[in-house]
file entry30.txt (compact mmCIF, C-alpha atoms)
# COMPACT_ATOMS: atom_id res chain seq x y z
CA MET A 72 -33.48 37.16 -9.45
CA LYS A 73 -30.73 34.95 -8.08
CA ILE A 74 -28.40 37.94 -7.71
CA PHE A 75 -31.16 39.97 -6.10
CA THR A 76 -31.77 37.17 -3.58
CA LYS A 77 -28.04 36.96 -2.83
CA LEU A 78 -27.77 40.71 -2.37
CA LEU A 79 -30.82 40.69 -0.15
CA SER A 80 -29.38 37.94 2.04
CA ILE A 81 -26.02 39.76 2.27
CA SER A 82 -27.75 43.02 3.16
CA THR A 83 -29.79 41.21 5.81
CA LEU A 84 -26.63 39.63 7.21
CA ILE A 85 -24.81 42.96 7.38
CA ALA A 86 -27.85 44.70 8.84
CA ASN A 87 -28.09 42.00 11.50
CA MET A 88 -24.41 42.32 12.33
CA LEU A 89 -24.63 46.11 12.56
CA CYS A 90 -27.85 46.03 14.59
CA SER A 91 -26.52 43.51 17.07
CA SER A 92 -23.25 45.46 17.33
CA PHE A 93 -25.09 48.71 18.01
CA LEU A 94 -27.34 47.01 20.56
CA MET A 95 -24.27 45.67 22.31
CA ALA A 96 -22.76 49.14 22.10
CA ALA A 97 -25.79 50.69 23.72
CA GLU A 98 -25.58 48.19 26.54
CA GLU A 99 -21.88 48.49 27.07
CA GLU A 100 -21.34 52.19 26.49
CA SER A 101 -18.61 53.48 28.69
CA ASN A 102 -19.06 56.47 30.99
CA ASN A 103 -15.54 57.53 30.24
CA THR A 104 -15.60 60.62 28.00
CA GLU A 105 -11.94 60.34 26.98
CA ASN A 106 -11.44 58.54 23.67
CA ILE A 107 -9.47 55.42 24.57
CA ARG A 108 -8.11 55.00 21.04
CA ASP A 109 -6.51 58.46 20.88
CA GLY A 110 -2.77 58.24 20.41
CA ALA A 111 -0.06 57.40 17.94
CA TYR A 112 1.38 54.15 16.67
CA PHE A 113 4.11 53.49 14.14
CA ASP A 114 6.15 50.48 13.13
CA ILE A 115 8.39 49.68 10.19
CA GLY A 116 9.71 46.33 9.04
CA ILE A 117 11.84 44.78 6.34
CA GLY A 118 12.33 41.22 5.12
CA PRO A 119 12.06 38.69 2.31
CA LYS A 120 8.60 38.16 0.85
CA TYR A 121 6.97 35.67 -1.50
CA TYR A 122 4.03 36.90 -3.55
CA SER A 123 1.95 35.24 -6.23
CA ASP A 124 -1.25 36.39 -7.93
CA PRO A 125 -3.18 35.37 -11.06
CA PHE A 126 -3.42 38.83 -12.66
CA ILE A 127 -1.89 38.40 -16.11
CA PHE A 128 -0.42 41.31 -18.13
CA ASN A 129 0.06 43.04 -14.77
CA VAL A 130 2.69 45.79 -14.98
CA ASP A 131 3.13 45.90 -11.21
CA LYS A 132 4.83 42.50 -11.28
CA ASP A 133 7.79 43.93 -13.19
CA ALA A 134 8.35 46.81 -10.83
CA VAL A 135 11.29 46.63 -8.45
CA ARG A 136 10.44 46.52 -4.73
CA ASN A 137 6.75 46.48 -5.41
CA ASP A 138 4.12 45.25 -2.96
CA TYR A 139 2.85 42.83 -5.56
CA SER A 140 6.05 40.92 -6.27
CA SER A 141 8.48 38.64 -4.45
CA GLY A 142 11.75 39.94 -3.06
CA VAL A 143 12.78 42.29 -0.30
CA ALA A 144 9.70 44.02 1.05
CA TYR A 145 9.01 46.85 3.48
CA PHE A 146 6.12 46.85 5.92
CA ILE A 147 4.85 50.07 7.50
CA ASN A 148 2.01 50.52 9.95
CA GLY A 149 1.13 53.99 11.15
CA ARG A 150 -1.83 55.45 12.96
CA TYR A 151 -2.56 58.74 14.69
CA GLN A 152 -5.79 59.64 16.41
CA LYS A 153 -6.82 62.78 18.27
CA ASN A 154 -10.29 63.59 19.60
CA GLY A 155 -11.57 60.61 17.63
CA PHE A 156 -10.25 61.78 14.24
CA PHE A 157 -7.65 59.45 12.82
CA ILE A 158 -5.27 58.95 9.94
CA GLU A 159 -3.92 55.49 9.11
CA PHE A 160 -1.14 54.18 6.92
CA PRO A 161 -1.82 50.43 6.97
CA GLN A 162 0.97 48.81 4.97
CA GLY A 163 1.75 46.08 7.47
CA THR A 164 1.36 42.32 7.36
CA SER A 165 -2.43 42.10 7.39
CA LYS A 166 -4.58 42.22 4.28
CA GLN A 167 -5.62 45.79 3.62
CA SER A 168 -7.14 45.63 0.15
CA GLY A 169 -4.95 48.32 -1.36
CA THR A 170 -5.46 51.20 1.05
CA ILE A 171 -2.52 53.59 1.14
CA LEU A 172 -3.87 56.24 3.48
CA SER A 173 -7.21 56.25 5.19
CA LEU A 174 -8.94 58.96 7.18
CA GLY A 175 -11.76 58.58 9.62
CA TYR A 176 -13.61 59.34 12.79
CA ASN A 177 -13.85 56.98 15.75
CA PHE A 178 -17.28 57.96 16.99
CA LEU A 179 -18.01 55.31 19.61
CA ASN A 180 -16.07 52.96 21.90
CA THR A 181 -17.51 50.49 24.33
CA GLU A 182 -15.98 47.82 26.50
CA HIS A 183 -15.48 45.46 23.58
CA TRP A 184 -16.44 47.36 20.41
CA SER A 185 -15.14 50.33 18.51
CA TYR A 186 -16.95 52.13 15.66
CA ASP A 187 -15.26 54.13 12.92
CA LEU A 188 -16.43 56.06 9.90
CA ARG A 189 -13.59 55.67 7.45
CA LEU A 190 -12.58 56.96 4.03
CA ALA A 191 -10.50 54.20 2.44
CA GLN A 192 -9.74 52.30 -0.72
CA ASN A 193 -11.11 48.80 -0.79
CA HIS A 194 -9.28 47.44 -3.83
CA ARG A 195 -5.79 47.85 -5.21
CA ASP A 196 -5.03 49.63 -8.49
CA LEU A 197 -4.67 47.30 -11.47
CA LYS A 198 -2.48 48.18 -14.44
CA HIS A 199 -2.49 45.79 -17.38
CA LYS A 200 -0.18 46.16 -20.35
CA LEU A 201 -1.60 44.20 -23.26
CA PRO A 202 1.08 42.05 -24.92
CA LYS A 203 0.53 42.74 -28.63
CA SER A 204 -0.77 46.28 -28.71
CA ASN A 205 1.24 47.43 -25.66
CA PHE A 206 -1.92 49.27 -24.67
CA MET A 207 -2.20 50.04 -20.98
CA ILE A 208 -5.45 49.33 -19.17
CA LYS A 209 -5.40 51.17 -15.88
CA ARG A 210 -8.09 50.54 -13.27
CA VAL A 211 -7.62 53.14 -10.55
CA THR A 212 -9.21 52.66 -7.15
CA HIS A 213 -10.80 55.55 -5.25
CA ALA A 214 -11.27 56.21 -1.55
CA LYS A 215 -14.83 55.60 -0.41
CA LEU A 216 -16.68 56.15 2.85
CA GLY A 217 -17.61 53.19 5.00
CA LEU A 218 -18.31 51.90 8.48
CA ARG A 219 -15.75 49.80 10.34
CA ILE A 220 -16.44 47.97 13.56
CA LEU A 221 -13.65 46.43 15.63
CA GLY A 222 -14.35 43.89 18.34
CA ASP A 223 -11.84 43.08 21.07
CA TYR A 224 -12.41 40.07 23.34
CA GLY A 225 -8.91 39.54 24.70
CA LYS A 226 -7.32 36.95 22.47
CA THR A 227 -10.18 37.06 19.96
CA HIS A 228 -10.64 39.99 17.60
CA LEU A 229 -13.34 40.81 15.10
CA LYS A 230 -13.47 43.31 12.25
CA LEU A 231 -16.54 44.18 10.19
CA ILE A 232 -16.52 46.60 7.27
CA ALA A 233 -19.32 47.91 5.04
CA ALA A 234 -18.26 50.56 2.55
CA GLY A 235 -18.66 52.01 -0.89
CA SER A 236 -16.20 50.86 -3.52
CA THR A 237 -14.98 51.92 -6.93
CA GLY A 238 -17.50 51.14 -9.66
CA ALA A 239 -20.86 52.67 -10.58
CA LYS A 240 -22.62 51.56 -7.41
CA GLY A 241 -19.71 49.74 -5.86
CA LEU A 242 -20.27 47.92 -2.58
CA TYR A 243 -17.66 46.26 -0.38
CA THR A 244 -18.28 44.34 2.83
CA SER A 245 -16.02 42.09 4.86
CA GLY A 246 -15.89 40.20 8.10
CA TRP A 247 -12.71 39.07 9.86
CA LEU A 248 -12.04 36.87 12.87
CA SER A 249 -8.64 36.55 14.51
CA GLN A 250 -7.52 34.29 17.34
CA ASN A 251 -4.24 34.73 19.22
CA TYR A 252 -2.19 32.13 21.07
CA GLN A 253 0.93 32.35 23.24
CA TYR A 254 3.70 29.81 23.72
CA ASN A 255 6.54 31.09 25.91
CA ASN A 256 7.27 34.50 24.41
CA TRP A 257 6.13 33.47 20.94
CA ASN A 258 2.77 34.86 19.88
CA PHE A 259 0.86 33.01 17.18
CA TYR A 260 -2.36 34.00 15.44
CA SER A 261 -4.79 32.72 12.85
CA THR A 262 -7.16 34.92 10.90
CA VAL A 263 -10.03 34.13 8.57
CA GLY A 264 -11.85 36.67 6.47
CA ILE A 265 -14.70 36.88 3.98
CA GLU A 266 -14.94 39.80 1.57
CA TYR A 267 -17.82 40.63 -0.74
CA ARG A 268 -17.64 42.83 -3.84
CA ASN A 269 -20.72 43.51 -5.90
CA GLU A 270 -20.98 43.24 -9.69
CA ASP A 271 -20.09 46.91 -10.30
CA VAL A 272 -16.78 46.52 -8.47
CA VAL A 273 -15.96 43.23 -10.21
CA ASN A 274 -16.66 44.71 -13.63
CA TYR A 275 -14.78 47.94 -12.95
CA PHE A 276 -11.59 46.00 -12.18
CA TYR A 277 -11.97 42.79 -14.17
CA GLY A 278 -14.59 43.41 -16.86
CA ILE A 279 -13.93 44.15 -20.53
CA SER A 280 -16.72 46.06 -22.21
CA GLU A 281 -17.48 45.84 -25.91
CA ASP A 282 -17.24 49.54 -26.52
CA GLU A 283 -14.32 50.24 -24.21
CA PHE A 284 -11.41 49.08 -26.42
CA PRO A 285 -12.96 47.48 -29.54
CA ASP A 286 -9.81 47.46 -31.70
CA ILE A 287 -7.46 46.60 -28.87
CA ASN A 288 -9.57 43.62 -27.85
CA GLU A 289 -9.37 42.26 -31.37
CA ILE A 290 -5.57 42.61 -31.57
CA ASP A 291 -4.90 41.11 -28.16
CA GLY A 292 -7.61 38.48 -28.36
CA LEU A 293 -9.40 39.68 -25.27
CA SER A 294 -13.07 38.88 -25.33
CA TYR A 295 -15.94 40.87 -23.91
CA TYR A 296 -16.38 40.02 -20.25
CA GLN A 297 -18.83 41.00 -17.53
CA GLY A 298 -18.47 39.16 -14.22
CA LYS A 299 -20.79 38.68 -11.31
CA SER A 300 -20.51 39.57 -7.65
CA GLY A 301 -18.75 37.19 -5.31
CA PHE A 302 -17.02 36.36 -2.09
CA GLU A 303 -13.28 36.19 -1.46
CA TYR A 304 -12.05 33.90 1.32
CA THR A 305 -8.80 34.64 3.13
CA GLY A 306 -6.85 32.59 5.66
CA GLN A 307 -3.74 33.86 7.40
CA VAL A 308 -1.43 32.41 10.04
CA GLY A 309 1.52 34.16 11.60
CA PHE A 310 3.75 34.76 14.58
CA ASP A 311 5.45 37.58 16.48
CA TYR A 312 8.49 37.22 18.69
CA PRO A 313 9.65 40.22 20.72
CA MET A 314 13.45 40.48 20.58
CA THR A 315 13.66 43.72 22.56
CA LYS A 316 11.19 46.41 23.66
CA HIS A 317 11.28 47.82 20.13
CA TRP A 318 12.37 45.05 17.78
CA VAL A 319 9.97 42.25 16.79
CA PHE A 320 10.62 39.20 14.60
CA GLU A 321 7.51 38.44 12.60
CA GLY A 322 6.31 36.01 9.95
CA PHE A 323 3.08 35.24 8.16
CA ALA A 324 1.53 33.24 5.33
CA ARG A 325 -1.75 34.16 3.66
CA THR A 326 -3.91 32.81 0.87
CA THR A 327 -6.97 34.40 -0.71
CA LEU A 328 -9.37 32.43 -2.88
CA LEU A 329 -11.00 34.56 -5.56
CA PRO A 330 -14.62 34.22 -6.74
CA SER A 331 -15.54 33.02 -10.25
CA GLY A 332 -16.61 36.55 -11.21
CA ILE A 333 -12.93 37.48 -11.02
CA THR A 334 -11.25 34.21 -12.05
CA ASP A 335 -13.31 33.95 -15.27
CA SER A 336 -12.00 37.33 -16.49
CA PRO A 337 -9.58 37.28 -19.46
CA LEU A 338 -7.30 39.43 -17.30
CA VAL A 339 -6.99 36.66 -14.71
CA ASP A 340 -5.38 33.23 -14.95
CA GLY A 341 -5.79 31.37 -11.67
CA ASN A 342 -7.95 31.53 -8.59
CA SER A 343 -5.79 32.51 -5.63
CA ILE A 344 -3.39 35.08 -4.23
CA SER A 345 -0.63 33.80 -1.94
CA GLU A 346 1.76 35.79 0.19
CA ALA A 347 4.32 34.95 2.87
CA ALA A 348 7.09 36.90 4.57
CA LEU A 349 9.65 36.94 7.36
CA LEU A 350 10.57 40.32 8.73
CA VAL A 351 12.09 42.27 11.55
CA LYS A 352 10.24 45.40 12.55
CA TYR A 353 10.91 48.36 14.78
CA VAL A 354 8.00 49.50 16.94
CA PHE A 355 8.21 53.15 18.03
CA MET B 1441 -8.79 60.90 -5.32
CA TYR B 1442 -6.16 59.70 -7.76
CA PHE B 1443 -2.84 58.37 -6.51
CA ASN B 1444 0.14 56.94 -8.25
CA GLN B 1445 0.41 54.21 -5.63
CA THR B 1446 3.75 52.75 -6.69
CA GLN B 1447 5.54 56.10 -6.67
CA ILE B 1448 4.20 57.17 -3.29
CA LYS B 1449 4.92 53.81 -1.68
CA ASN B 1450 8.45 53.52 -3.06
CA LEU B 1451 9.34 57.04 -1.92
CA ILE B 1452 8.09 56.41 1.60
CA LYS B 1453 9.73 53.01 1.78
CA HIS B 1454 13.13 54.29 0.73
CA PHE B 1455 12.89 56.90 3.45
CA VAL B 1456 12.00 54.20 5.93
CA VAL B 1457 14.99 52.00 5.06
CA ILE B 1458 17.38 54.90 5.62
CA PHE B 1459 15.66 55.60 8.91
CA ILE B 1460 16.03 51.97 10.04
CA LEU B 1461 19.74 52.06 9.32
CA LEU B 1462 20.06 55.27 11.32
CA LEU B 1463 18.26 53.66 14.23
CA LEU B 1464 20.49 50.62 14.12
CA SER B 1465 23.57 52.79 14.20
CA MET B 1466 22.23 54.66 17.22
CA GLU B 1467 21.79 51.57 19.45
CA VAL B 1468 23.62 52.20 22.71
CA TYR B 1469 24.87 49.49 25.00
CA SER B 1470 25.80 50.14 28.60
CA ASN B 1471 29.21 49.22 29.90
CA GLU B 1472 29.54 46.60 32.58
CA ASN B 1473 30.63 47.78 35.97
CA SER B 1474 33.84 45.99 36.91
CA SER B 1475 33.88 46.87 40.63
CA LEU B 1476 33.21 44.21 43.34
CA PRO B 1477 30.94 42.88 44.73
CA LYS B 1478 29.14 42.18 41.50
CA LEU B 1479 25.86 40.39 40.68
CA THR B 1480 25.18 40.07 36.96
CA LEU B 1481 22.05 38.86 35.16
CA THR B 1482 22.07 37.68 31.57
CA PRO B 1483 19.70 38.78 30.18
CA ASN B 1484 18.61 41.55 32.54
CA GLN B 1485 15.29 42.05 30.78
CA CYS B 1486 12.42 39.77 29.76
CA VAL B 1487 10.36 41.13 26.90
CA SER B 1488 6.79 40.07 26.11
CA LEU B 1489 4.76 41.27 23.14
CA HIS B 1490 1.91 42.78 25.16
CA GLN B 1491 1.85 44.32 28.61
CA GLY B 1492 0.27 41.88 31.06
CA GLN B 1493 1.45 38.75 29.27
CA GLN B 1494 3.52 36.22 31.15
CA CYS B 1495 7.17 36.39 30.13
CA VAL B 1496 9.43 33.35 30.01
CA VAL B 1497 13.17 33.74 30.47
CA THR B 1498 16.18 31.60 31.32
CA VAL B 1499 18.37 33.86 33.38
CA ASP B 1500 22.05 33.26 33.98
CA ILE B 1501 23.05 34.74 37.34
CA SER B 1502 26.72 35.18 38.16
CA TRP B 1503 28.28 36.83 41.18
CA GLN B 1504 31.71 37.78 42.37
CA VAL B 1505 32.97 39.18 45.69
CA SER B 1506 36.43 40.00 47.05
CA LEU B 1507 36.36 37.72 50.19
CA ILE B 1508 35.87 33.96 50.38
CA GLY B 1509 32.81 32.99 52.46
CA GLU B 1510 29.31 31.55 52.50
CA TYR B 1511 26.88 33.33 50.23
CA CYS B 1512 23.25 32.71 49.29
CA LEU B 1513 21.15 33.92 46.39
CA TYR B 1514 17.55 35.10 46.88
CA SER B 1515 14.83 36.43 44.61
CA SER B 1516 11.76 38.57 45.26
CA LEU B 1517 9.67 35.71 43.83
CA GLN B 1518 10.13 33.49 46.88
CA LYS B 1519 11.25 33.59 50.52
CA ASN B 1520 13.46 30.52 50.25
CA LYS B 1521 17.00 30.87 49.00
CA LEU B 1522 17.62 29.89 45.39
CA ASN B 1523 21.10 28.56 45.99
CA CYS B 1524 24.03 28.80 48.42
CA TRP B 1525 27.78 28.53 48.04
CA ALA B 1526 30.32 27.74 50.80
CA MET B 1527 33.95 28.87 50.78
CA LYS B 1528 33.54 30.67 47.49
CA LYS B 1529 34.09 34.16 46.19
CA SER B 1530 32.26 33.68 42.90
CA GLY B 1531 29.41 31.57 41.59
CA ASN B 1532 26.95 30.93 38.83
CA PHE B 1533 23.30 29.91 38.77
CA LYS B 1534 20.87 29.33 35.93
CA LYS B 1535 17.08 29.30 36.22
CA GLU B 1536 14.06 29.37 33.93
CA LEU B 1537 11.40 31.77 35.15
CA GLU B 1538 7.86 32.76 34.19
CA ILE B 1539 7.45 36.33 35.39
CA GLU B 1540 4.63 38.85 35.51
CA GLU B 1541 6.54 41.65 37.28
CA ASP B 1542 10.10 42.90 37.84
CA ILE B 1543 12.23 40.46 39.89
CA THR B 1544 15.03 41.52 42.26
CA PHE B 1545 17.89 39.09 42.93
CA THR B 1546 20.00 39.58 46.02
CA LEU B 1547 23.24 38.00 47.17
CA LYS B 1548 23.58 37.71 50.94
CA SER B 1549 26.54 36.86 53.15
CA MET B 1550 25.60 33.95 55.47
CA GLY B 1551 28.56 32.61 57.40
CA ASP B 1552 29.59 35.58 59.49
CA ASP B 1553 27.62 36.42 62.69
CA ILE B 1554 28.17 40.13 62.21
CA ASN B 1555 27.40 40.16 58.51
CA ASN B 1556 24.69 37.46 58.65
CA ASP B 1557 21.95 38.07 56.06
CA LYS B 1558 23.69 41.20 54.89
CA VAL B 1559 22.84 42.10 51.31
CA ILE B 1560 26.10 42.09 49.40
CA ALA B 1561 24.74 42.88 45.94
CA SER B 1562 21.46 43.06 44.09
CA ALA B 1563 20.30 43.12 40.49
CA LEU B 1564 16.98 43.68 38.75
CA LEU B 1565 15.40 41.46 36.11
CA GLU B 1566 13.09 43.90 34.35
CA LEU B 1567 9.79 42.88 32.75
CA ALA B 1568 9.32 44.83 29.54
CA TRP B 1569 6.86 44.73 26.65
CA VAL B 1570 6.51 45.98 23.10
CA HIS B 1571 2.82 46.98 23.11
CA LYS B 1572 1.25 48.77 26.06
CA LYS B 1573 -1.92 47.14 27.33
CA SER B 1574 -5.07 48.98 26.40
CA ARG B 1575 -8.53 48.02 25.30
CA LEU B 1576 -9.14 48.26 21.56
CA SER B 1577 -5.52 49.18 21.07
CA HIS B 1578 -3.91 49.90 17.74
CA SER B 1579 -1.78 46.81 18.18
CA ALA B 1580 -4.67 44.47 18.91
CA TRP B 1581 -5.60 44.33 15.26
CA ARG B 1582 -2.63 43.84 13.02
CA VAL B 1583 -4.21 45.87 11.88
CA PHE B 1584 -6.65 48.66 11.92

call {"tool": "encode", "arguments": {"input": "entry30.txt", "output": "structure tokens"}}
result
Amino acid sequence: MKIFTKLLSISTLIANMLCSSFLMAAEEESNNTENIRDGAYFDIGIGPKYYSDPFIFNVDKDAVRNDYSSGVAYFINGRYQKNGFFIEFPQGTSKQSGTILSLGYNFLNTEHWSYDLRLAQNHRDLKHKLPKSNFMIKRVTHAKLGLRILGDYGKTHLKLIAAGSTGAKGLYTSGWLSQNYQYNNWNFYSTVGIEYRNEDVVNYFYGISEDEFPDINEIDGLSYYQGKSGFEYTGQVGFDYPMTKHWVFEGFARTTLLPSGITDSPLVDGNSISEAALLVKYVF
Amino acid sequence: MYFNQTQIKNLIKHFVVIFILLLLSMEVYSNENSSLPKLTLTPNQCVSLHQGQQCVVTVDISWQVSLIGEYCLYSSLQKNKLNCWAMKKSGNFKKELEIEEDITFTLKSMGDDINNDKVIASALLELAWVHKKSRLSHSAWRVF
């Protein structure tokens, strides 16, 4: 009952956000028939990165030059849109929840809002190698369809996402708010975000079912686990400094607090993900 | 859709690193013109992150001519002269500026009746940016 009430309140919140966004869209709809977001964008960056997460037995941590480890990291942001159809490669410095490539259609733009239907992954892959049995538990994420709304009010930006997610009836929603500041030629920003994953998503990635690996669980001492839905909270601060028309010096620090449905899992030891990096990037 | 994320990412990233190195090696710098009169700005470009942003720059302006005389420095930002020099054939001036458009600096000869207010040399301080201004741009969200 408690979960149902929570889901109902979340659904109401999302419905309200979408309704108010669409109402604003209807009011602000531009007469311009050309899609203002058509075009191409690409940047690549490299620099030292710190990364820490609580996912124990994670194979990714041992990989060289991996996104989920500290060391030298690469950052790539690419986007191409024509006639509203777009392809994105969002591997930059913002939190992207594991998406490698996403495809979509930008079906409406107004003075301040942009609406996309998007096929994207909303969680990273997780690969756990159990210490005693050496058994590999691989939780693969799949691309799912969702709605993304971007709001642009000058120095304030908003992002709202409601999408399917991996899991039986996986649901992912998130809301992001970003504020930009300028001091001389230095550009600073702060971003806060709230992400929601329902029980099916949590259990697909962090649950351990009784019948899934009965012998393995006994050997490795992993107990049966089924988590509940929850909210992740993310805070990010960062800066950009343009060195030339193409080269930008950039830095950021980000922390995500995980919900108890994830932190209580035997595959998790801790409650936060932290990441920070300094990089130089080339903007084409 | 099933991807081996690590393999795909590593392959693309290795390609990108090689590409960055190629780009670095292709950077071209223009040669300074050594002929006189000469008016040089360092830097000659002010770069902001987004088009339309104010750009802050401390510009070092140096000039050199072949004849000693009275010379004054002007900018397109203001009608009044920035600085003047008497009985000189070279000079230097430093100024912090907040610009929102290209600025032209001109060196004028002042002392001679015939050549009064004659532009001896000029140089452009260019305003540049990384991201072109557009509503709902790709660069607004960092992103997508």

call {"tool": "residues_around", "arguments": {"input": "entry30.txt", "residues": "region 305-312 of chain A", "least_positions_apart": "2", "cutoff": "8 Å", "atoms": "only C-alpha atoms", "output": "list in words"}}
result
Asn256, Trp257, Asn258, Phe259, Tyr260, Ser261, Thr262, Val263, Gly264, Ile265, Glu303, Met314, Val319, Phe320, Glu321, Gly322, Phe323, Ala324, Arg325, Thr326, Thr327 and Leu328 of chain A; Leu1489 of chain B

call {"tool": "closest_residue", "arguments": {"input": "entry30.txt", "among": "B:Cys1512, B:Thr1498, B:Ser1574, B:Met1527", "to": "Ser1549 (chain B)", "atoms": "all atoms listed in the file"}}
result
B:Cys1512

call {"tool": "residues_around", "arguments": {"input": "entry30.txt", "residues": "region 224-238 of chain A", "least_positions_apart": "5", "cutoff": "6 Å", "atoms": "only C-alpha atoms", "output": "PyMOL selection string"}}
result
chain A and resi 212-213+215-219+243-251+271-272+275

call {"tool": "interface_residues", "arguments": {"input": "entry30.txt", "of": "chain A", "to": "chain B", "cutoff": "6 Å", "atoms": "all atoms listed in the file", "output": "list in words"}}
result
Ser165, His213, Asp223, Asn255, Asn256, Pro313, Lys316 and His317 of chain A

call {"tool": "residues_around", "arguments": {"input": "entry30.txt", "residues": "Cys1524 (chain B)", "least_positions_apart": "4", "cutoff": "10 Å", "atoms": "all atoms listed in the file", "output": "PyMOL selection string"}}
result
chain B and resi 1510-1514+1528+1531+1533+1547-1550

call {"tool": "atom_distance", "arguments": {"input": "entry30.txt", "atom1": "CA of Asp187 (chain A)", "atom2": "CA of Glu270 (chain A)"}}
result
25.7 Å

call {"tool": "atom_distance", "arguments": {"input": "entry30.txt", "atom1": "CA of Gly298 (chain A)", "atom2": "CA of His194 (chain A)"}}
result
16.2 Å

call {"tool": "atom_distance", "arguments": {"input": "entry30.txt", "atom1": "CA of Val1499 (chain B)", "atom2": "CA of Ala1526 (chain B)"}}
result
22.0 Å

call {"tool": "axis_aligned_box", "arguments": {"input": "entry30.txt", "around": "region 324-332 of chain A", "padding_each_side": "4 Å", "output": "JSON"}}
result
{"center_x": -7.5, "center_y": 34.5, "center_z": -2.9, "size_x": 26.1, "size_y": 12.1, "size_z": 24.5}
